[in-house]
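Okay, structure first, notes after.
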2 protein chains.
Amino acid sequence: MATAVIPDCSSPATTARLLDFRGFRGGAVHLRQSVSFRSAKSTTTTRLMVMACETSAKVIDGKSVAKQIRDEITEKVSRMKETINVVPGLAVVLVGERKDSQTYVRNKKKACEAVGIKSYDASFPEKCTEEELLKCISEFNSDPLVHGILVQLPLPRHINEERVLDSVSIEKDVDGFHPLNIGRLAMRDREPLFVPCTPKGAMELLHRCGIEIKGKRAVVIGRSNIVGTPAALLLQRENASVSIVHSYTKNPEEVTRQADIVISAAGHANLVRGCWIKPGAVVIDVGINTVDDPESPRGYRLVGDVCYEEVSKIASALTPVPGGVGPMTIAMLLSNTLDAAMRTHSFK
Amino acid sequence: MATAVIPDCSSPATTARLLDFRGFRGGAVHLRQSVSFRSAKSTTTTRLMVMACETSAKVIDGKSVAKQIRDEITEKVSRMKETINVVPGLAVVLVGERKDSQTYVRNKKKACEAVGIKSYDASFPEKCTEEELLKCISEFNSDPLVHGILVQLPLPRHINEERVLDSVSIEKDVDGFHPLNIGRLAMRDREPLFVPCTPKGAMELLHRCGIEIKGKRAVVIGRSNIVGTPAALLLQRENASVSIVHSYTKNPEEVTRQADIVISAAGHANLVRGCWIKPGAVVIDVGINTVDDPESPRGYRLVGDVCYEEVSKIASALTPVPGGVGPMTIAMLLSNTLDAAMRTHSFK
């Protein structure tokens, strides 16, 4: 049975037009999860829909770019082992029994293995003390076999996340979350030792797709420490004119519509509609959100922040979710770990 | 003799209209120093000129706000001395014989004296070594009488500025230039120990003038480590939607015209014209530029980045130069030094 996914904030009339416009004549219509955000004005939607038929966005295939990067890393790791007999090592610290965290950690370790990076485990029960955690990190800090340390977030509430993250040696801060790395990222003529993996992955996609950044208007949606803020700083370092849109921004769609490059890291399914996007803009969707989907065997599916159906007809290029920035994040973690090992051993 | 200052990028026709508009009928006309930046389109200028007659900006008197802050500091310093017998101390490190640096240092020391903060000197000849400088800073770092350390910039070229600034203990980094302080400023849920004085002064002016920041569109012109970047981070911390305009921005006037709050720290005389400003916006002019002025006894005078004559008729509030942000910078240095001493001695 043919299906179409219709953004839930479309009016019935708009929905009808949308279906009609796509030549959709039958089948089931699923409404996306409701999102409490300003809805697009239908007039704008209609106008943009007309333009929509003239273009179709290039899909930025993060999966294949990430594969290419992992291959490059595999080759370098192997060369390093052959030349100086050093194997890059990543320590992964996990606290508690969160299913999602366990999955992330398992995937990271598998990815390490696949490129020849050795991973070291440290798992703590939910109730462990901050001191136990700090002691463990301190040991990894002084372990010469460990070049990168990753503390899987979130930590349980009784643990001071700031204190734990700040205790990671900045030479091994492969997540790039240490304020000294963020500070250097924000400053001109300074170089961070590491850049946070997800925004680094987003930038790498832009680079590898040959998208010019200098002098472009860029909008970052969201301002988290781990994605939005470093993404804005990275874009600015490459001489884009950056605006940041967040929950207090009164006219997010208007601001976003001025951008040549949009990086969305808001964590709201379906937030970025077609009418938010300037025709021809490049859109990097960092959001990973789950929405109910009775048709899926798991009862839910993953979507980004971007209304893919609409935006793919307005943007010139767009990352899908899944298969966009997601695979890049792990590739960048491997890349940062390799960089750490190469820096420590002055290997080029 | 009556005089009028006419921005030099006005066309003759616009100049004539401008003079006419102001009811100016005679006297000398001085042209401002030439600035190589995109000029305003005369049509826009004309349109804004019409609006200009309807409003006149409130002048934000930085001199008097700074005086008020210095009075508050004097009172606290005196209370601290009486209560715990501690006098806040500021070490000022000067390298070389630059006239402007000598003047700045002299003014800072005088300002310390006036509020009861003790200043400690260290002057080095132009040819001193980096090691001499680092040794001096290390001594101030461990001197309990010194609560703040200021290294007057710029340093001679043979000295690594980054290494010198990073050697200042972050507990004494009253200039707020340490990357760890900048990193914390950039991060949510983190608190810098110190905020750089000039942007802190600009924000303090907004606060003391009762200007709402949350949810407003703000544009920062310039992205230096010491003003533009921290100003943008500060505005964002207070939930403004921030855009940064810099030398690669293709349409700076268009971007700036969207702002409710403009902080200009570009260092270009006469850059920000009336047509750059949304009617009713608040404009903080951080620029301090010298322009030739044969009528002045010194042969030059100080101006900001903002074309005061035009913008004062469009904005709702505006800082003058001199007498705007300038006096606030020194007041914030005193405030940071007092904060450092209070923090060290847990004095409230």
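By order of appearance in the structure tokens: chains A, B, ..., then residues from 1 within every chain, and ligands from 1 in the order shown.
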- Query: Residues of chain A within 8 Å of chain B, using only C-alpha atoms, as a ChimeraX atom specification?
  - Reply: /A:179-184,186-188,214-217,224-225,229,239-246,248-250
- Item | strand (DSSP E or B) per DSSP on the backbone: members of range 94-292 of chain A, as JSON, numbers by chain | {"A": [94, 95, 118, 119, 120, 121, 122, 123, 124, 148, 149, 150, 151, 217, 218, 219, 220, 221, 241, 242, 243, 244, 245, 261, 262, 263, 264, 272, 282, 283, 284, 285, 289, 290, 291, 292]}
- Query: Thr83 in chain B: which residues within 12 Å, counting only C-alpha atoms, same-chain residues fewer than 5 positions away excluded, as a ChimeraX atom specification?
  - Reply: /B:76-78,342,345,347-348
- Query: If you count only C-alpha atoms, which residues fall within 7 Å of range 99-115 of chain B, apart from same-chain ones fewer than 2 positions away, as an NGL selection string?
  - Reply: :B and (70 or 73-74 or 97 or 117-119 or 152 or 330 or 334)
- Query: Which residues come within 9 Å of Pro88 in chain B, counting only C-alpha atoms, excluding same-chain residues fewer than 4 positions away, as a list in words?
  - Reply: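 So, after excluding close chain neighbours, the residues are Val77, Met80, Lys81, Gly116, Ile117, Lys118, Ser119, Leu145, Val146, His147, Gly148, Thr337, Leu338, Asp339, Ala340, Ala341 and Met342 of chain B.
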- Message: Need the shell around Val321 in chain A: protein/DNA/RNA residues with any atom at most 9 Å away, counting only C-alpha atoms. Skip same-chain ones fewer than 3 positions apart. Format as a ChimeraX atom specification?
- Response: /A:285-288,302-306,308,324-326
- Note on the structure: Here CA of Gly222 in chain B and CA of Lys67 in chain B stand apart by 27.5 Å
- Task: Extract the full set of helix (DSSP H, G or I) residues from range 163-242 of chain A according to DSSP on the backbone, and format it as a ChimeraX atom specification.
- Result: /A:163-166,170-172,179-186,197-208,228-237
- Message: Need to verify the contact set: Leu165 in chain A, 12 Å, only C-alpha atoms, exclusion of same-chain residues closer than 3 positions in sequence. Can you return it as number ranges by chain?
- Response: A: 93, 130, 133-134, 137-138, 149-155, 159-162, 168-170, 172-181
- Query: Restricting the calculation to only C-alpha atoms, which member of B:Asp121, B:Glu191, B:Glu132, B:Glu204 is positioned closest to Ala331 in chain B?
  - Reply: B:Glu204
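As for CA of Ser264 in chain A and CA of Val311 in chain A, they are spaced 12.4 Å apart.
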- d(CA of Gly62 in chain B, CA of Pro322 in chain B) in Å: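 That distance, rounded to one decimal, is 8.9 Å.
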- Kindly indicate which residue among B:Lys313, B:Arg301, B:Arg208, B:Arg343 lies nearest to Ala66 in chain B, using only C-alpha atoms for the distances.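 Selected residue with least distance to Ala66 in chain B: B:Arg208.
The shortest atom-to-atom distance to Val95 in chain A, with only C-alpha atoms taken into account, belongs to A:His158 out of A:His207, A:Arg298, A:Arg257, A:His158.
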